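Trainee: Okay, handing you the structure first.
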Number of protein chains: 2
Amino acid sequence: MLMEPLRLADLHGSLADPVLAAMEFLNEVANRYPEAVSFAPGRPYEEFFDVDDLHHHLRTFHRYLVEDRGMDDAGARRTLFQYGRTKGVIHELIARNLAEDEGVRVDPEAVVVTVGAQEAMLLALRALRADHRDVLLAVSPVYVGITGAARLVEMPVLPVRDGEAGVDLDDLVAVVRRARREGLRPRGLYVVPDFANPSGACLDLATRRELIRTAEREDLLVLEDNPYRLFGSADERPPTLRALGGNRVISLGSYAKTGFPGARVGYAVADQPVDVGGGRTVPLADQLSRLKSMVTVNTPPVAQAVIGGLLLDHGLSLVKANTREIEVYRRNRDLVLDGLAARLPRAAELGVSWNRPSGGFFIVVTVPFPVDDALLERSAREHRVLWTPMHHFYGDGRPLPHLRLSVSLLTPERIEDGLDRLAAFLTEHAEAARAGGGR
Amino acid sequence: MLMEPLRLADLHGSLADPVLAAMEFLNEVANRYPEAVSFAPGRPYEEFFDVDDLHHHLRTFHRYLVEDRGMDDAGARRTLFQYGRTKGVIHELIARNLAEDEGVRVDPEAVVVTVGAQEAMLLALRALRADHRDVLLAVSPVYVGITGAARLVEMPVLPVRDGEAGVDLDDLVAVVRRARREGLRPRGLYVVPDFANPSGACLDLATRRELIRTAEREDLLVLEDNPYRLFGSADERPPTLRALGGNRVISLGSYAKTGFPGARVGYAVADQPVDVGGGRTVPLADQLSRLKSMVTVNTPPVAQAVIGGLLLDHGLSLVKANTREIEVYRRNRDLVLDGLAARLPRAAELGVSWNRPSGGFFIVVTVPFPVDDALLERSAREHRVLWTPMHHFYGDGRPLPHLRLSVSLLTPERIEDGLDRLAAFLTEHAEAARAGGGR
């Protein structure tokens with residue numbers, strides 16, 4: 001006897017949430033127009049992927065277990081094959097990488113290796129959402145991953161304006177105080193300080209320092225997510241929030257762009273002390289670990305091994321591991337920025353403009369017409385070019401006059417081809433808007 | 001300025017839950033007495049693990065992508081390295097394995113590949129816990145993984161007695177009806193039909209049929225978890241609940257024992273229709289996938305590839321892949337059962353007894369004294385032998401006169417040595433209890 005259909009209303013509310021549905025819609029459009037040039041996905045460049053590297057990194061990590069960690073053969077096999085340490089097996093390598101690339105010292109015991117930064121977000125929010133008063137703040141527009149994780153643990157997200165500086169600290173203080181007056185407990189601020197997704201914004205050093213001071217004054221944790229940080233200019237890389245704020249900051253780490261997404265390896269650095277009674281404190285990492293044991297048990301050691309081997313194969317430096325990638329993303333960004341300017345010499349007149357991030361994957365184009373999902377579909381159908389409507393990163397579904405371009409995945413040929421199509425699309429709709437506006 | 005300590009009371013309630021703390025305590029005792037013989041962990045036998053197999057399975061899966069799935073080199077690389085299909089990339093192989101080993105036909109689109117069965121549990125419970133009325137039923141004693149997942153989504157778990165048959169269906173009906181009278185919505189029954197952890201119980205065919213009929217009558221989903229199923233006698237393997245109950249049953253799948261735990265690959269088969277409005281239904285798997293995108297995004301393709309390769313290397317049959325393991329677990333079980341009988345000829349007189357499961361990893365010993373964590377510590381310190389107090393699987397912390405032995409990890413030599421120690425421990429405490437009882 002087959003089941004009667006379940007009703008969506010009888011399943012968890014997050015399933016009816018537009019944030020969770022948005023990514024599916026965007027994928028679905030991409031699948032429907034496979035021949036379109038897509039500036040939509042924030043996926044890393046894939047021309048350098050090499051299956052032999054998987055084998056090579058695995059072997060490197062195995063050698064490290066035996067030679068550096070002093071394991072016998074059985075111990076090395078056990079590390080790769082068995083259930084293992086919940087906090088992970090590459091925590092020491094992660095700590096050494098943070099020292100090497102960022103000059104940040106963290107206790108390896110404060111590192112929790114996670115199934116991508118996504119699981120790190122979920123664990124952090126699950127820990128911090130103790131009851132109905134607990135809310136998260138997030139600089140808006142915001143990466144949908146954190147919004148989704150918040151939905152899963154039923155934690156409201158209060159937007160904080162980004163403004164010119166990448167985060168509007170006056171607004172932050174206003175939002176915190178308003179929330180507290182309403183009996184809410186703002187538990188943390190989610191922020192991507194370098195080349196944020198989707199805005200491309202990068203906080204300057206003064207803003208970073210002031211952000212940390214504000215967090216201290218207002219007694220807020222900072223959740224720093226930083227997947228695009230390396231893809232800017234090495235000379236102008238201001239310190240991470242973690243480097244400035246110490247354990248005021250939980251680092252959410254991702255190797256999706258500096259390693260590869262398919263490894264699904266990320267981490268949290270969480271050395272905030274937790275008072276567990278009896279005068280004893282433990283690092284927050286131990287609490288996240290306890291939650292992780294009920295989410296995924298361990299991060300697959302075979303996946304950790306590949307990322308661990310990759311780190312070891314490049315002297316524990318992701319900057320060194322990404323020499324080619326850093327160059328490609330810079331080239332692609334320049335191609336898109338120069339290509340837009342060349343194709344849209346009358347942009348200002350048309351009411352079209354774009355920002356010029358100094359790094360990362362994303363560029364935001366501002367247009368004189370509202371950008372909704374129907375318009376994306378027209379762009380795909382009529383111009384064979386895809387991009388992402390910015391309203392998806394605000395979560396209220398109201399169309400905005402902005403669209404996001406991602407420059408990470410495309411080859412130069414596809415970029416040029418795509419920019420021809422994009423320029424035609426932008427020109428057509430900007431002119432129509434002007435004609436409509438003049439009526 | 002360093003953070004003031006966070007208070008445990010300001011973090012999520014699950015962190016103070018004894019269920020989540022229990023596993024850490026048990027691990028901690030094991031670490032403190034490394035020279036003890038441990039009948040505690042339900043880990044698979046590890047003598048057959050071989051690092052070369054990882055490379056071999058990876059190559060097999062890569063060849064499958066190119067030769068069977070017709071991918072070009074770029075497509076195969078993309079599958080292994082990029083973000084991918086949220087529901088996974090080995091769904092077709094899993095469906096073929098279920099057909100091969102279980103004679104069960106499932107639509108590959110109804111399979112969600114997860115980071116171990118643990119993530120499958122979390123996704124299923126997150127979907128089914130829509131509001132405060134939704135509760136889970138679970139045959140008691142129960143695997144702590146499902147209890148932990150329920151805690152994370154704040155879903156109460158109502159115990160159902162196991163009784164002689166492995167599940168007491170009268171009690172099931174009574175619990176369901178009582179819950180409904182109290183305004184609760186029992187959404188599903190969690191059950192391990194073959195060689196349950198920790199009881200070792202196995203449902204016979206009649207009980208399975210009656211369980212499905214009861215679930216239909218009471219309009220309950222069944223969540224079938226079945227990690228130990230293959231480790232019994234091939235001749236006496238009754239059909240899975242899924243085979244009998246169709247889409248009344250969500251299958252929670254694990255490769256931790258039939259593949260290896262470090263892969264962290266599991267799955268849910270969820271073809272229950274969900275009415276999403278407009279006369280359209282989608283499989284529940286698509287809803288679980290939407291949740292998964294906010295938990296782990298994808299199951300690491302490199303881990304899926306190793307399990308996919310393992311399946312392909314054994315003709316899609318886990319029975320074939322586990323010929324040696326099936327034999328080892330049978331041998332170990334016999335060694336423990338025979339060894340207990342040989343060492344405790346006066347067991348009945350002492351008030352000591354044990355069950356004789358026909359398969360799986362676990363044996364339950366009943367003793368004439370309460371078994372708590374302090375006694376485990378004494379056993380470790382004074383007798384250098386470890387086991388698991390059964391009260392951890394009931395979750396209320398009250399000591400019970402039962403302990404669980406796991407036979408899976410030890411070699412014959414260690415088993416004999418451990419049984420000497422265990423017999424000494426059991427005899428000492430049983431005699432003390434008798435002397436105390438006689439006073």
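Each chain of the structure tokens is named A, B, ... in the order shown, its residues numbered from 1; ligands are numbered from 1 in display order.
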Would you mind listing, for every residue of chain B within 7 Å of chain A, the two atoms forming the shortest contact and the distance between them in Å to one decimal, using only C-alpha atoms, sorted by chain and ascending residue number, as a tab-separated table?
Mentor:
```
residue	atom	partner	partner_atom	distance
B:Leu2	CA	A:Asn247	CA	6.1
B:Met3	CA	A:Arg248	CA	5.7
B:Pro5	CA	A:Pro273	CA	4.7
B:Leu6	CA	A:Val274	CA	4.6
B:Arg7	CA	A:Asp275	CA	5.2
B:Leu8	CA	A:Val276	CA	5.7
B:Asp10	CA	A:Ala130	CA	5.8
B:Leu11	CA	A:Ala130	CA	4.8
B:His12	CA	A:Ala130	CA	4.0
B:Gly13	CA	A:Ala130	CA	6.3
B:Leu15	CA	A:Gln287	CA	6.7
B:Leu20	CA	A:Arg290	CA	6.5
B:Phe49	CA	A:Arg77	CA	6.6
B:Asp50	CA	A:Arg77	CA	6.9
B:Val51	CA	A:Arg77	CA	6.6
B:His55	CA	A:His55	CA	6.5
B:Arg77	CA	A:Val51	CA	6.6
B:Leu80	CA	A:Gly262	CA	6.0
B:Phe81	CA	A:Gly262	CA	4.4
B:Gln82	CA	A:Gly262	CA	4.9
B:Tyr83	CA	A:Pro261	CA	5.3
B:Val115	CA	A:Thr296	CA	5.7
B:Gly116	CA	A:Thr296	CA	6.4
B:Gln118	CA	A:Thr296	CA	5.7
B:Glu119	CA	A:Val295	CA	5.4
B:Leu122	CA	A:Val295	CA	6.5
B:Arg126	CA	A:His12	CA	6.5
B:Ala127	CA	A:His12	CA	5.0
B:Leu128	CA	A:Leu11	CA	5.2
B:Arg129	CA	A:His12	CA	5.8
B:Ala130	CA	A:His12	CA	4.0
B:Gly145	CA	A:Met294	CA	6.2
B:Gly148	CA	A:Met294	CA	5.4
B:Ala149	CA	A:Met294	CA	5.4
B:Gly246	CA	A:Leu2	CA	6.9
B:Asn247	CA	A:Leu2	CA	6.1
B:Arg248	CA	A:Met3	CA	5.7
B:Phe260	CA	A:Phe81	CA	5.9
B:Pro261	CA	A:Gln82	CA	5.1
B:Gly262	CA	A:Phe81	CA	4.4
B:Ala263	CA	A:Pro300	CA	5.3
B:Arg264	CA	A:Pro300	CA	5.3
B:Gln272	CA	A:Met3	CA	6.7
B:Pro273	CA	A:Pro5	CA	4.7
B:Val274	CA	A:Leu6	CA	4.6
B:Asp275	CA	A:Arg7	CA	5.1
B:Val276	CA	A:Leu8	CA	5.7
B:Gln287	CA	A:Leu15	CA	6.7
B:Arg290	CA	A:Leu20	CA	6.5
B:Met294	CA	A:Ala149	CA	5.4
B:Val295	CA	A:Glu119	CA	5.4
B:Thr296	CA	A:Glu119	CA	5.4
B:Val297	CA	A:Gln118	CA	6.9
B:Pro300	CA	A:Arg264	CA	5.3
B:Pro301	CA	A:Gly262	CA	5.6
B:Val302	CA	A:Ala263	CA	6.5
B:Ala303	CA	A:Val302	CA	6.5
```
Trainee: As a PDB file with N, CA, C and O atoms, in the first residue's frame, please: all residues of segment 126-198 of chain A that backbone DSSP puts in helix (DSSP H, G or I).
Mentor:
```
ATOM      1  N   ARG A 126      24.210  26.430  15.199  1.00  0.00           N
ATOM      2  CA  ARG A 126      23.490  25.517  16.112  1.00  0.00           C
ATOM      3  C   ARG A 126      23.946  25.753  17.561  1.00  0.00           C
ATOM      4  O   ARG A 126      23.111  25.780  18.482  1.00  0.00           O
ATOM      5  N   ALA A 127      25.234  25.950  17.755  1.00  0.00           N
ATOM      6  CA  ALA A 127      25.742  26.190  19.114  1.00  0.00           C
ATOM      7  C   ALA A 127      25.190  27.500  19.673  1.00  0.00           C
ATOM      8  O   ALA A 127      24.784  27.562  20.844  1.00  0.00           O
ATOM      9  N   LEU A 128      25.137  28.529  18.834  1.00  0.00           N
ATOM     10  CA  LEU A 128      24.782  29.866  19.326  1.00  0.00           C
ATOM     11  C   LEU A 128      23.277  30.089  19.424  1.00  0.00           C
ATOM     12  O   LEU A 128      22.833  31.035  20.083  1.00  0.00           O
ATOM     13  N   VAL A 144      24.135  33.078   0.466  1.00  0.00           N
ATOM     14  CA  VAL A 144      22.943  32.302   0.822  1.00  0.00           C
ATOM     15  C   VAL A 144      23.253  31.111   1.729  1.00  0.00           C
ATOM     16  O   VAL A 144      22.367  30.618   2.418  1.00  0.00           O
ATOM     17  N   GLY A 145      24.485  30.666   1.746  1.00  0.00           N
ATOM     18  CA  GLY A 145      24.841  29.527   2.599  1.00  0.00           C
ATOM     19  C   GLY A 145      24.607  29.808   4.071  1.00  0.00           C
ATOM     20  O   GLY A 145      24.119  28.949   4.819  1.00  0.00           O
ATOM     21  N   ILE A 146      24.946  31.009   4.512  1.00  0.00           N
ATOM     22  CA  ILE A 146      24.764  31.322   5.932  1.00  0.00           C
ATOM     23  C   ILE A 146      23.274  31.527   6.233  1.00  0.00           C
ATOM     24  O   ILE A 146      22.783  31.104   7.285  1.00  0.00           O
ATOM     25  N   THR A 147      22.562  32.120   5.305  1.00  0.00           N
ATOM     26  CA  THR A 147      21.124  32.289   5.498  1.00  0.00           C
ATOM     27  C   THR A 147      20.448  30.930   5.595  1.00  0.00           C
ATOM     28  O   THR A 147      19.584  30.712   6.451  1.00  0.00           O
ATOM     29  N   GLY A 148      20.854  30.006   4.732  1.00  0.00           N
ATOM     30  CA  GLY A 148      20.283  28.665   4.742  1.00  0.00           C
ATOM     31  C   GLY A 148      20.574  27.929   6.043  1.00  0.00           C
ATOM     32  O   GLY A 148      19.692  27.296   6.627  1.00  0.00           O
ATOM     33  N   ALA A 149      21.816  28.014   6.507  1.00  0.00           N
ATOM     34  CA  ALA A 149      22.171  27.358   7.770  1.00  0.00           C
ATOM     35  C   ALA A 149      21.336  27.940   8.914  1.00  0.00           C
ATOM     36  O   ALA A 149      20.875  27.204   9.804  1.00  0.00           O
ATOM     37  N   ALA A 150      21.135  29.240   8.880  1.00  0.00           N
ATOM     38  CA  ALA A 150      20.321  29.889   9.916  1.00  0.00           C
ATOM     39  C   ALA A 150      18.877  29.385   9.869  1.00  0.00           C
ATOM     40  O   ALA A 150      18.259  29.128  10.907  1.00  0.00           O
ATOM     41  N   ARG A 151      18.341  29.196   8.655  1.00  0.00           N
ATOM     42  CA  ARG A 151      16.974  28.681   8.528  1.00  0.00           C
ATOM     43  C   ARG A 151      16.870  27.286   9.156  1.00  0.00           C
ATOM     44  O   ARG A 151      15.883  26.968   9.798  1.00  0.00           O
ATOM     45  N   LEU A 152      17.877  26.473   8.929  1.00  0.00           N
ATOM     46  CA  LEU A 152      17.835  25.094   9.446  1.00  0.00           C
ATOM     47  C   LEU A 152      17.766  25.054  10.964  1.00  0.00           C
ATOM     48  O   LEU A 152      17.162  24.147  11.537  1.00  0.00           O
ATOM     49  N   LEU A 169      29.146  50.492  10.169  1.00  0.00           N
ATOM     50  CA  LEU A 169      29.258  50.198  11.605  1.00  0.00           C
ATOM     51  C   LEU A 169      28.228  50.957  12.436  1.00  0.00           C
ATOM     52  O   LEU A 169      27.819  50.482  13.507  1.00  0.00           O
ATOM     53  N   ASP A 170      27.802  52.118  11.951  1.00  0.00           N
ATOM     54  CA  ASP A 170      26.724  52.824  12.650  1.00  0.00           C
ATOM     55  C   ASP A 170      25.440  51.991  12.586  1.00  0.00           C
ATOM     56  O   ASP A 170      24.718  51.857  13.568  1.00  0.00           O
ATOM     57  N   ASP A 171      25.203  51.431  11.406  1.00  0.00           N
ATOM     58  CA  ASP A 171      24.013  50.589  11.267  1.00  0.00           C
ATOM     59  C   ASP A 171      24.150  49.339  12.137  1.00  0.00           C
ATOM     60  O   ASP A 171      23.176  48.906  12.762  1.00  0.00           O
ATOM     61  N   LEU A 172      25.348  48.769  12.185  1.00  0.00           N
ATOM     62  CA  LEU A 172      25.580  47.598  13.037  1.00  0.00           C
ATOM     63  C   LEU A 172      25.167  47.899  14.485  1.00  0.00           C
ATOM     64  O   LEU A 172      24.404  47.148  15.105  1.00  0.00           O
ATOM     65  N   VAL A 173      25.656  49.020  15.000  1.00  0.00           N
ATOM     66  CA  VAL A 173      25.339  49.383  16.389  1.00  0.00           C
ATOM     67  C   VAL A 173      23.835  49.613  16.545  1.00  0.00           C
ATOM     68  O   VAL A 173      23.214  49.145  17.515  1.00  0.00           O
ATOM     69  N   ALA A 174      23.250  50.273  15.573  1.00  0.00           N
ATOM     70  CA  ALA A 174      21.807  50.539  15.651  1.00  0.00           C
ATOM     71  C   ALA A 174      21.010  49.233  15.655  1.00  0.00           C
ATOM     72  O   ALA A 174      20.067  49.069  16.438  1.00  0.00           O
ATOM     73  N   VAL A 175      21.412  48.282  14.790  1.00  0.00           N
ATOM     74  CA  VAL A 175      20.686  47.005  14.710  1.00  0.00           C
ATOM     75  C   VAL A 175      20.849  46.229  16.023  1.00  0.00           C
ATOM     76  O   VAL A 175      19.884  45.662  16.554  1.00  0.00           O
ATOM     77  N   VAL A 176      22.064  46.205  16.555  1.00  0.00           N
ATOM     78  CA  VAL A 176      22.312  45.486  17.823  1.00  0.00           C
ATOM     79  C   VAL A 176      21.447  46.077  18.934  1.00  0.00           C
ATOM     80  O   VAL A 176      20.781  45.350  19.677  1.00  0.00           O
ATOM     81  N   ARG A 177      21.433  47.395  19.030  1.00  0.00           N
ATOM     82  CA  ARG A 177      20.713  48.017  20.154  1.00  0.00           C
ATOM     83  C   ARG A 177      19.209  47.859  20.015  1.00  0.00           C
ATOM     84  O   ARG A 177      18.511  47.611  20.988  1.00  0.00           O
ATOM     85  N   ARG A 178      18.726  47.977  18.771  1.00  0.00           N
ATOM     86  CA  ARG A 178      17.296  47.778  18.549  1.00  0.00           C
ATOM     87  C   ARG A 178      16.906  46.345  18.919  1.00  0.00           C
ATOM     88  O   ARG A 178      15.903  46.122  19.593  1.00  0.00           O
ATOM     89  N   ALA A 179      17.734  45.394  18.483  1.00  0.00           N
ATOM     90  CA  ALA A 179      17.440  43.987  18.790  1.00  0.00           C
ATOM     91  C   ALA A 179      17.388  43.790  20.307  1.00  0.00           C
ATOM     92  O   ALA A 179      16.478  43.133  20.831  1.00  0.00           O
ATOM     93  N   ARG A 180      18.352  44.355  21.015  1.00  0.00           N
ATOM     94  CA  ARG A 180      18.380  44.166  22.469  1.00  0.00           C
ATOM     95  C   ARG A 180      17.179  44.807  23.151  1.00  0.00           C
ATOM     96  O   ARG A 180      16.634  44.245  24.099  1.00  0.00           O
ATOM     97  N   ARG A 181      16.784  45.961  22.643  1.00  0.00           N
ATOM     98  CA  ARG A 181      15.580  46.591  23.213  1.00  0.00           C
ATOM     99  C   ARG A 181      14.366  45.677  23.040  1.00  0.00           C
ATOM    100  O   ARG A 181      13.462  45.686  23.864  1.00  0.00           O
TER     101      ARG A 181
END
```
Trainee: Would you work out the distance separating atom CA of Asn332 of chain A from atom CA of Ser140 of chain A, expressed in Å to one decimal?
Mentor: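 Computing it gives 25.6 Å between the two atoms.
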Trainee: With distances taken over only C-alpha atoms, which of A:Arg208, A:Arg161, A:Arg105, A:Arg384 is nearest to Pro238 of chain A?
Mentor: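 Of A:Arg208, A:Arg161, A:Arg105, A:Arg384, the one nearest Pro238 of chain A is A:Arg208, counting only C-alpha atoms.
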Trainee: Going by DSSP on the backbone, which residues of segment 82-259 of chain A come out as strand (DSSP E or B)? List them as a ChimeraX atom specification.
Mentor: /A:111-115,134-140,157-161,185-191,221-225,249-254
Trainee: Env of Arg330 of chain B: 9 Å cut, atoms = only C-alpha atoms, seq-sep filter 2 positions within chain, self excluded. Answer as a ChimeraX atom specification.
Mentor: /B:231-233,325-328,332-335,358-360
Trainee: Take the residues from that selection and write them out as a short mmCIF file (atom, residue, chain, number, x, y, z; two decimals), in the first residue's frame, keeping N, CA, C and O atoms.
Mentor:
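Output contents, as saved in out_26.cif:
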```cif
data_model
loop_
_atom_site.label_atom_id
_atom_site.label_comp_id
_atom_site.auth_asym_id
_atom_site.auth_seq_id
_atom_site.Cartn_x
_atom_site.Cartn_y
_atom_site.Cartn_z
N PHE B 231 25.90 -9.18 7.98
CA PHE B 231 26.78 -9.98 8.83
C PHE B 231 26.03 -11.02 9.63
O PHE B 231 26.13 -11.09 10.86
N GLY B 232 25.23 -11.81 8.93
CA GLY B 232 24.53 -12.93 9.52
C GLY B 232 24.63 -14.10 8.56
O GLY B 232 25.52 -14.13 7.71
N SER B 233 23.71 -15.01 8.68
CA SER B 233 23.71 -16.15 7.77
C SER B 233 22.93 -15.80 6.51
O SER B 233 21.82 -15.27 6.57
N GLU B 325 34.92 -10.42 5.53
CA GLU B 325 34.42 -9.76 6.73
C GLU B 325 33.27 -10.55 7.35
O GLU B 325 33.19 -10.70 8.58
N ILE B 326 32.37 -11.08 6.51
CA ILE B 326 31.25 -11.88 7.02
C ILE B 326 31.80 -13.06 7.82
O ILE B 326 31.33 -13.36 8.92
N GLU B 327 32.84 -13.67 7.28
CA GLU B 327 33.46 -14.82 7.95
C GLU B 327 34.12 -14.41 9.27
O GLU B 327 33.97 -15.10 10.29
N VAL B 328 34.82 -13.28 9.27
CA VAL B 328 35.51 -12.82 10.49
C VAL B 328 34.50 -12.51 11.60
O VAL B 328 34.70 -12.89 12.76
N ASN B 332 34.36 -14.34 15.13
CA ASN B 332 34.51 -13.59 16.38
C ASN B 332 33.31 -13.81 17.31
O ASN B 332 33.47 -13.96 18.52
N ARG B 333 32.12 -13.78 16.75
CA ARG B 333 30.92 -13.99 17.56
C ARG B 333 30.96 -15.38 18.22
O ARG B 333 30.70 -15.52 19.42
N ASP B 334 31.30 -16.38 17.42
CA ASP B 334 31.39 -17.73 17.97
C ASP B 334 32.45 -17.81 19.06
O ASP B 334 32.24 -18.45 20.10
N LEU B 335 33.59 -17.17 18.82
CA LEU B 335 34.66 -17.19 19.83
C LEU B 335 34.17 -16.58 21.14
O LEU B 335 34.45 -17.10 22.22
N SER B 358 22.25 -14.08 16.02
CA SER B 358 22.74 -14.92 14.92
C SER B 358 23.58 -14.11 13.94
O SER B 358 23.95 -14.62 12.88
N GLY B 359 23.87 -12.88 14.25
CA GLY B 359 24.70 -12.07 13.37
C GLY B 359 25.02 -10.74 14.01
O GLY B 359 24.68 -10.50 15.18
N GLY B 360 25.66 -9.89 13.24
CA GLY B 360 25.95 -8.54 13.71
C GLY B 360 27.18 -8.44 14.57
O GLY B 360 28.00 -9.36 14.62
#
```
Trainee: Go through A:Pro345, A:Gly436, A:Gly339, A:Gly418 and flag the residue nearest Ala36 of chain A, using only C-alpha atoms for the distances.
Mentor: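 Closest to Ala36 of chain A, using only C-alpha atoms: A:Gly418.
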Trainee: Please measure the separation of atom CA of Val142 of chain A and atom CA of Phe393 of chain A, giving the value in Å to one decimal.
Mentor: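 Distance reported for this atom pair: 5.2 Å.
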